[in-house]
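Remarks on the structure that follows.
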Protein chains: 2
Amino acid sequence: MFSTELVQTAEKLLELCRNKSIMLATAESCTGGLIAGVLTEIAGSSAVVDRGFVTYSNEAKHEALGVGTGLLDQYGAVSDVVAKAMAEGALQRSRAAMTVAVTGIAGPGGGSNTKPVGLVYIATAFKNQETQCRKMLFEGDRSAIRSQTIAAALDFMKDRIT
Amino acid sequence: MFSTELVQTAEKLLELCRNKSIMLATAESCTGGLIAGVLTEIAGSSAVVDRGFVTYSNEAKHEALGVGTGLLDQYGAVSDVVAKAMAEGALQRSRAAMTVAVTGIAGPGGGSNTKPVGLVYIATAFKNQETQCRKMLFEGDRSAIRSQTIAAALDFMKDRIT
């Protein structure tokens with residue numbers, strides 16, 4: 001289902017987490033569950049993956065992750081602020097020590113001059129550490145943008161614990 | 001990422017849902033987010049997909065979906081009863097009119113005589129209708145079992161609305 005490279009990256013991340021006893025949770029918008037999906041492709045991932053939130057609608061971001069409706073109105077769902085709030089919401093609502101959140105425009109519709117198709121914010125929250133966010137601009141079609149987002153999210157988590 | 005056949009099935013399901021104004025939510029254990037993942041592979045899926053719950057741990061099933069710890073203890077996470085409770089929990093905790101829940105043993109570990117690798121329960125809950133459950137026994141490796149589960153879950157939802 002996933003490329004060998006993606007699965008190997010997931011495997012490495014899970015091994016690092018296992019060694020450090022770090023549980024993970026995900027909060028996904030444009031990837032729609034695929035980050036949790038690739039993590040759980042690995043046998044034995046249940047020792048590391050606590051849960052995932054697929055918050056596709058704004059209502060879901062608010063209700064499931066506690067993202068303020070004020071933030072969603074002011075900055076839009078695809079923003080640095082909302083990505084961070086999603087990651088922190090997942091941290092508070094799970095048993096994970098680290099969470100990753102993604103929100104972006106996978107296209108083909110939904111893009112604008114200021115927020116083009118391919119724009120993705122990825123945030124990681126870590127217990128007792130500052131939440132971080134990366135702004136990405138990916139190229140390609142919907143599937144390519146989602147694949148690159150998954151890879152970048154796995155890399156970001158790896159960077160946080162190495 | 002997904003096979004053409006799987007994406008086409010997801011496309012058909014989403015079209016049916018759009019025509020009938022039915023929003024969907026997912027509650028996934030062994031598929032780890034991939035049902036939501038294939039649904040959101042389709043452009044415009046945000047009109048139909050409300051949210052997803054990836055409840056990999058028992059704690060997540062209880063906390064995010066309200067599955068009773070008594071049910072989890074008595075029947076085990078991989079059971080008809082828990083699959084139905086997951087689907088109904090997702091219905092209550094989302095804006096969806098129909099939800100699908102899957103819980104199973106994707107392997108290679110975790111199997112037993114009574115609950116072998118490949119055993120998967122898929123439940124669908126529908127507003128004001130009886131919750132239904134199908135017991136499946138899939139063959140193949142972890143990835144094959146997960147793919148067959150996704151396909152069966154999409155088919156089950158299609159059957160409920162046609």
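Labels used: A, B, ... for chains in the order of the structure tokens, numbers from 1 for residues in each chain, and numbers from 1 for ligands as shown.
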message = Taking only C-alpha atoms into account and nothing else, which residues of chain B lie no more than 9 Å away from chain A? Please answer as a PyMOL selection string.
response = chain B and resi 1-3+26+29-44+46-47+49-61+63-64+93-95+106-109+142-143+146-147
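Neighbours of Gln132 in chain B closer than or equal to 12 Å, with only C-alpha atoms counted and sequence neighbours fewer than 4 positions away skipped, come out as Asp80, Val81, Val82, Ala83, Lys84, Ala85, Met86, Ala87, Glu88, Met98, Thr99, Val100, Ala101, Val102, Tyr121, Ile122, Ala123, Thr124, Ala125, Phe126, Lys127, Ala153, Phe156, Met157, Asp159 and Arg160 of chain B.
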Let's have the selection written as a PDB file, in the first residue's frame, with N, CA and C atoms.
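What ended up in out_38.pdb:
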ATOM      1  N   ASP B  80     -17.589  -8.951  18.056  1.00  0.00           N
ATOM      2  CA  ASP B  80     -18.820  -8.404  17.499  1.00  0.00           C
ATOM      3  C   ASP B  80     -19.326  -7.238  18.359  1.00  0.00           C
ATOM      4  N   VAL B  81     -19.350  -7.481  19.660  1.00  0.00           N
ATOM      5  CA  VAL B  81     -19.890  -6.506  20.608  1.00  0.00           C
ATOM      6  C   VAL B  81     -19.088  -5.205  20.592  1.00  0.00           C
ATOM      7  N   VAL B  82     -17.770  -5.328  20.588  1.00  0.00           N
ATOM      8  CA  VAL B  82     -16.927  -4.125  20.609  1.00  0.00           C
ATOM      9  C   VAL B  82     -16.982  -3.396  19.263  1.00  0.00           C
ATOM     10  N   ALA B  83     -17.032  -4.140  18.162  1.00  0.00           N
ATOM     11  CA  ALA B  83     -17.148  -3.491  16.840  1.00  0.00           C
ATOM     12  C   ALA B  83     -18.419  -2.645  16.793  1.00  0.00           C
ATOM     13  N   LYS B  84     -19.523  -3.219  17.268  1.00  0.00           N
ATOM     14  CA  LYS B  84     -20.790  -2.466  17.266  1.00  0.00           C
ATOM     15  C   LYS B  84     -20.711  -1.246  18.188  1.00  0.00           C
ATOM     16  N   ALA B  85     -20.106  -1.416  19.339  1.00  0.00           N
ATOM     17  CA  ALA B  85     -19.992  -0.296  20.288  1.00  0.00           C
ATOM     18  C   ALA B  85     -19.115   0.812  19.706  1.00  0.00           C
ATOM     19  N   MET B  86     -18.082   0.428  18.966  1.00  0.00           N
ATOM     20  CA  MET B  86     -17.219   1.430  18.318  1.00  0.00           C
ATOM     21  C   MET B  86     -18.015   2.225  17.276  1.00  0.00           C
ATOM     22  N   ALA B  87     -18.792   1.510  16.458  1.00  0.00           N
ATOM     23  CA  ALA B  87     -19.577   2.179  15.407  1.00  0.00           C
ATOM     24  C   ALA B  87     -20.608   3.118  16.026  1.00  0.00           C
ATOM     25  N   GLU B  88     -21.247   2.656  17.094  1.00  0.00           N
ATOM     26  CA  GLU B  88     -22.264   3.497  17.745  1.00  0.00           C
ATOM     27  C   GLU B  88     -21.617   4.680  18.473  1.00  0.00           C
ATOM     28  N   MET B  98     -23.879   7.898   9.135  1.00  0.00           N
ATOM     29  CA  MET B  98     -23.465   6.485   9.075  1.00  0.00           C
ATOM     30  C   MET B  98     -21.993   6.384   9.475  1.00  0.00           C
ATOM     31  N   THR B  99     -21.695   5.364  10.238  1.00  0.00           N
ATOM     32  CA  THR B  99     -20.303   5.132  10.624  1.00  0.00           C
ATOM     33  C   THR B  99     -19.927   3.674  10.365  1.00  0.00           C
ATOM     34  N   VAL B 100     -18.642   3.456  10.199  1.00  0.00           N
ATOM     35  CA  VAL B 100     -18.148   2.081  10.071  1.00  0.00           C
ATOM     36  C   VAL B 100     -17.046   1.898  11.110  1.00  0.00           C
ATOM     37  N   ALA B 101     -17.013   0.719  11.710  1.00  0.00           N
ATOM     38  CA  ALA B 101     -15.969   0.416  12.690  1.00  0.00           C
ATOM     39  C   ALA B 101     -15.340  -0.927  12.351  1.00  0.00           C
ATOM     40  N   VAL B 102     -14.023  -1.007  12.507  1.00  0.00           N
ATOM     41  CA  VAL B 102     -13.355  -2.290  12.279  1.00  0.00           C
ATOM     42  C   VAL B 102     -12.414  -2.599  13.442  1.00  0.00           C
ATOM     43  N   TYR B 121     -13.893  -8.018  12.637  1.00  0.00           N
ATOM     44  CA  TYR B 121     -15.305  -7.655  12.756  1.00  0.00           C
ATOM     45  C   TYR B 121     -15.490  -6.257  12.188  1.00  0.00           C
ATOM     46  N   ILE B 122     -16.491  -6.122  11.324  1.00  0.00           N
ATOM     47  CA  ILE B 122     -16.810  -4.819  10.727  1.00  0.00           C
ATOM     48  C   ILE B 122     -18.250  -4.484  11.086  1.00  0.00           C
ATOM     49  N   ALA B 123     -18.457  -3.344  11.690  1.00  0.00           N
ATOM     50  CA  ALA B 123     -19.804  -2.931  12.070  1.00  0.00           C
ATOM     51  C   ALA B 123     -20.154  -1.617  11.391  1.00  0.00           C
ATOM     52  N   THR B 124     -21.424  -1.465  11.036  1.00  0.00           N
ATOM     53  CA  THR B 124     -21.921  -0.181  10.524  1.00  0.00           C
ATOM     54  C   THR B 124     -23.079   0.259  11.402  1.00  0.00           C
ATOM     55  N   ALA B 125     -23.041   1.533  11.767  1.00  0.00           N
ATOM     56  CA  ALA B 125     -24.148   2.115  12.531  1.00  0.00           C
ATOM     57  C   ALA B 125     -24.780   3.193  11.676  1.00  0.00           C
ATOM     58  N   PHE B 126     -26.092   3.266  11.744  1.00  0.00           N
ATOM     59  CA  PHE B 126     -26.851   4.193  10.908  1.00  0.00           C
ATOM     60  C   PHE B 126     -27.910   4.819  11.785  1.00  0.00           C
ATOM     61  N   LYS B 127     -28.028   6.143  11.694  1.00  0.00           N
ATOM     62  CA  LYS B 127     -29.000   6.846  12.526  1.00  0.00           C
ATOM     63  C   LYS B 127     -30.385   6.229  12.421  1.00  0.00           C
ATOM     64  N   ALA B 153     -15.105  -3.031   4.282  1.00  0.00           N
ATOM     65  CA  ALA B 153     -15.759  -1.944   5.018  1.00  0.00           C
ATOM     66  C   ALA B 153     -16.477  -0.999   4.049  1.00  0.00           C
ATOM     67  N   PHE B 156     -19.570  -2.772   2.752  1.00  0.00           N
ATOM     68  CA  PHE B 156     -20.598  -2.840   3.798  1.00  0.00           C
ATOM     69  C   PHE B 156     -21.365  -1.513   3.843  1.00  0.00           C
ATOM     70  N   MET B 157     -20.630  -0.403   3.816  1.00  0.00           N
ATOM     71  CA  MET B 157     -21.293   0.906   3.857  1.00  0.00           C
ATOM     72  C   MET B 157     -22.168   1.102   2.610  1.00  0.00           C
ATOM     73  N   ASP B 159     -23.606  -1.194   0.849  1.00  0.00           N
ATOM     74  CA  ASP B 159     -24.797  -2.045   0.999  1.00  0.00           C
ATOM     75  C   ASP B 159     -25.850  -1.396   1.894  1.00  0.00           C
ATOM     76  N   ARG B 160     -25.385  -0.665   2.901  1.00  0.00           N
ATOM     77  CA  ARG B 160     -26.345  -0.061   3.836  1.00  0.00           C
ATOM     78  C   ARG B 160     -27.151   1.077   3.205  1.00  0.00           C
TER      79      ARG B 160
END
task = Calculate how many Å separate CA of Met23 in chain B from CA of Ala97 in chain B, rounding to one decimal.
result = 5.5 Å
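You will find CA of Thr9 in chain B at 20.8 Å from CA of Thr103 in chain B.
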ask   = Can you list, as a PyMOL selection string, every residue of chain A that DSSP puts in strand (DSSP E or B)?
value = chain A and resi 24-28+49-55+98-104+119-126+132-137
message = Please compute the CA of Gly118 in chain A-CA of Ile145 in chain A distance, one decimal, in Å.
response = 6.1 Å
task = Pull the helix (DSSP H, G or I) assignments for range 32-116 of chain A out of DSSP run on the backbone, and list those residues as an MDAnalysis selection string.
result = chainID A and resid 34:39 45:47 58:65 69:75 80:92
Go ahead and save the residues from that selection, with N, CA and C atoms, as an mmCIF file, in the first residue's frame.
data_model
loop_
_atom_site.group_PDB
_atom_site.id
_atom_site.type_symbol
_atom_site.label_atom_id
_atom_site.label_comp_id
_atom_site.auth_asym_id
_atom_site.auth_seq_id
_atom_site.Cartn_x
_atom_site.Cartn_y
_atom_site.Cartn_z
ATOM 1 N N LEU A 34 -3.711 8.732 6.999
ATOM 2 C CA LEU A 34 -2.637 7.936 6.383
ATOM 3 C C LEU A 34 -1.352 7.905 7.201
ATOM 4 N N ILE A 35 -1.134 8.924 8.046
ATOM 5 C CA ILE A 35 0.067 8.872 8.893
ATOM 6 C C ILE A 35 -0.113 7.760 9.922
ATOM 7 N N ALA A 36 -1.282 7.732 10.563
ATOM 8 C CA ALA A 36 -1.579 6.613 11.462
ATOM 9 C C ALA A 36 -1.564 5.304 10.678
ATOM 10 N N GLY A 37 -2.041 5.361 9.451
ATOM 11 C CA GLY A 37 -2.096 4.166 8.599
ATOM 12 C C GLY A 37 -0.730 3.576 8.316
ATOM 13 N N VAL A 38 0.252 4.406 8.025
ATOM 14 C CA VAL A 38 1.586 3.866 7.725
ATOM 15 C C VAL A 38 2.293 3.422 9.008
ATOM 16 N N LEU A 39 2.040 4.117 10.103
ATOM 17 C CA LEU A 39 2.657 3.707 11.376
ATOM 18 C C LEU A 39 2.152 2.315 11.785
ATOM 19 N N SER A 45 3.216 -2.273 16.171
ATOM 20 C CA SER A 45 3.090 -0.821 16.337
ATOM 21 C C SER A 45 2.175 -0.444 17.500
ATOM 22 N N SER A 46 1.380 -1.412 17.966
ATOM 23 C CA SER A 46 0.444 -1.093 19.059
ATOM 24 C C SER A 46 1.190 -0.702 20.337
ATOM 25 N N ALA A 47 2.461 -1.078 20.444
ATOM 26 C CA ALA A 47 3.247 -0.676 21.616
ATOM 27 C C ALA A 47 3.575 0.819 21.591
ATOM 28 N N ASN A 58 -13.996 21.321 10.077
ATOM 29 C CA ASN A 58 -13.663 22.276 11.136
ATOM 30 C C ASN A 58 -14.345 21.892 12.441
ATOM 31 N N GLU A 59 -15.582 21.384 12.341
ATOM 32 C CA GLU A 59 -16.305 20.944 13.538
ATOM 33 C C GLU A 59 -15.503 19.856 14.257
ATOM 34 N N ALA A 60 -14.929 18.945 13.484
ATOM 35 C CA ALA A 60 -14.144 17.860 14.081
ATOM 36 C C ALA A 60 -12.892 18.417 14.764
ATOM 37 N N LYS A 61 -12.254 19.389 14.126
ATOM 38 C CA LYS A 61 -11.048 19.999 14.728
ATOM 39 C C LYS A 61 -11.402 20.629 16.077
ATOM 40 N N HIS A 62 -12.570 21.247 16.110
ATOM 41 C CA HIS A 62 -13.001 21.895 17.349
ATOM 42 C C HIS A 62 -13.440 20.859 18.387
ATOM 43 N N GLU A 63 -14.309 19.944 17.975
ATOM 44 C CA GLU A 63 -14.917 19.019 18.943
ATOM 45 C C GLU A 63 -13.945 17.928 19.403
ATOM 46 N N ALA A 64 -13.174 17.384 18.475
ATOM 47 C CA ALA A 64 -12.316 16.248 18.838
ATOM 48 C C ALA A 64 -10.963 16.700 19.386
ATOM 49 N N LEU A 65 -10.501 17.886 18.970
ATOM 50 C CA LEU A 65 -9.160 18.331 19.365
ATOM 51 C C LEU A 65 -9.167 19.623 20.178
ATOM 52 N N THR A 69 -12.749 27.812 17.898
ATOM 53 C CA THR A 69 -13.433 28.257 16.668
ATOM 54 C C THR A 69 -12.926 29.656 16.278
ATOM 55 N N GLY A 70 -12.501 30.442 17.264
ATOM 56 C CA GLY A 70 -11.932 31.755 16.978
ATOM 57 C C GLY A 70 -10.674 31.636 16.125
ATOM 58 N N LEU A 71 -9.825 30.677 16.451
ATOM 59 C CA LEU A 71 -8.595 30.450 15.678
ATOM 60 C C LEU A 71 -8.934 30.023 14.256
ATOM 61 N N LEU A 72 -9.915 29.113 14.140
ATOM 62 C CA LEU A 72 -10.303 28.623 12.811
ATOM 63 C C LEU A 72 -10.849 29.766 11.962
ATOM 64 N N ASP A 73 -11.651 30.634 12.581
ATOM 65 C CA ASP A 73 -12.218 31.769 11.845
ATOM 66 C C ASP A 73 -11.134 32.767 11.457
ATOM 67 N N GLN A 74 -10.244 33.065 12.405
ATOM 68 C CA GLN A 74 -9.268 34.127 12.180
ATOM 69 C C GLN A 74 -8.136 33.718 11.241
ATOM 70 N N TYR A 75 -7.613 32.508 11.448
ATOM 71 C CA TYR A 75 -6.434 32.095 10.673
ATOM 72 C C TYR A 75 -6.751 31.101 9.561
ATOM 73 N N ASP A 80 -0.433 27.858 10.512
ATOM 74 C CA ASP A 80 0.539 27.525 11.546
ATOM 75 C C ASP A 80 -0.165 27.384 12.904
ATOM 76 N N VAL A 81 -1.002 28.343 13.218
ATOM 77 C CA VAL A 81 -1.684 28.407 14.509
ATOM 78 C C VAL A 81 -2.591 27.189 14.725
ATOM 79 N N VAL A 82 -3.358 26.833 13.694
ATOM 80 C CA VAL A 82 -4.282 25.697 13.818
ATOM 81 C C VAL A 82 -3.514 24.375 13.857
ATOM 82 N N ALA A 83 -2.451 24.254 13.069
ATOM 83 C CA ALA A 83 -1.641 23.030 13.114
ATOM 84 C C ALA A 83 -1.116 22.798 14.529
ATOM 85 N N LYS A 84 -0.588 23.873 15.146
ATOM 86 C CA LYS A 84 -0.065 23.751 16.510
ATOM 87 C C LYS A 84 -1.176 23.400 17.503
ATOM 88 N N ALA A 85 -2.334 24.040 17.348
ATOM 89 C CA ALA A 85 -3.457 23.767 18.254
ATOM 90 C C ALA A 85 -3.940 22.319 18.104
ATOM 91 N N MET A 86 -3.901 21.804 16.877
ATOM 92 C CA MET A 86 -4.291 20.396 16.650
ATOM 93 C C MET A 86 -3.314 19.462 17.361
ATOM 94 N N ALA A 87 -2.016 19.725 17.215
ATOM 95 C CA ALA A 87 -1.007 18.860 17.838
ATOM 96 C C ALA A 87 -1.133 18.896 19.362
ATOM 97 N N GLU A 88 -1.362 20.093 19.900
ATOM 98 C CA GLU A 88 -1.487 20.227 21.362
ATOM 99 C C GLU A 88 -2.792 19.598 21.856
ATOM 100 N N GLY A 89 -3.849 19.720 21.065
ATOM 101 C CA GLY A 89 -5.119 19.093 21.418
ATOM 102 C C GLY A 89 -4.982 17.575 21.477
ATOM 103 N N ALA A 90 -4.260 17.017 20.511
ATOM 104 C CA ALA A 90 -4.050 15.560 20.488
ATOM 105 C C ALA A 90 -3.215 15.113 21.690
ATOM 106 N N LEU A 91 -2.260 15.960 22.080
ATOM 107 C CA LEU A 91 -1.409 15.637 23.234
ATOM 108 C C LEU A 91 -2.259 15.582 24.510
ATOM 109 N N GLN A 92 -3.154 16.543 24.653
ATOM 110 C CA GLN A 92 -4.007 16.605 25.845
ATOM 111 C C GLN A 92 -5.047 15.492 25.867
#
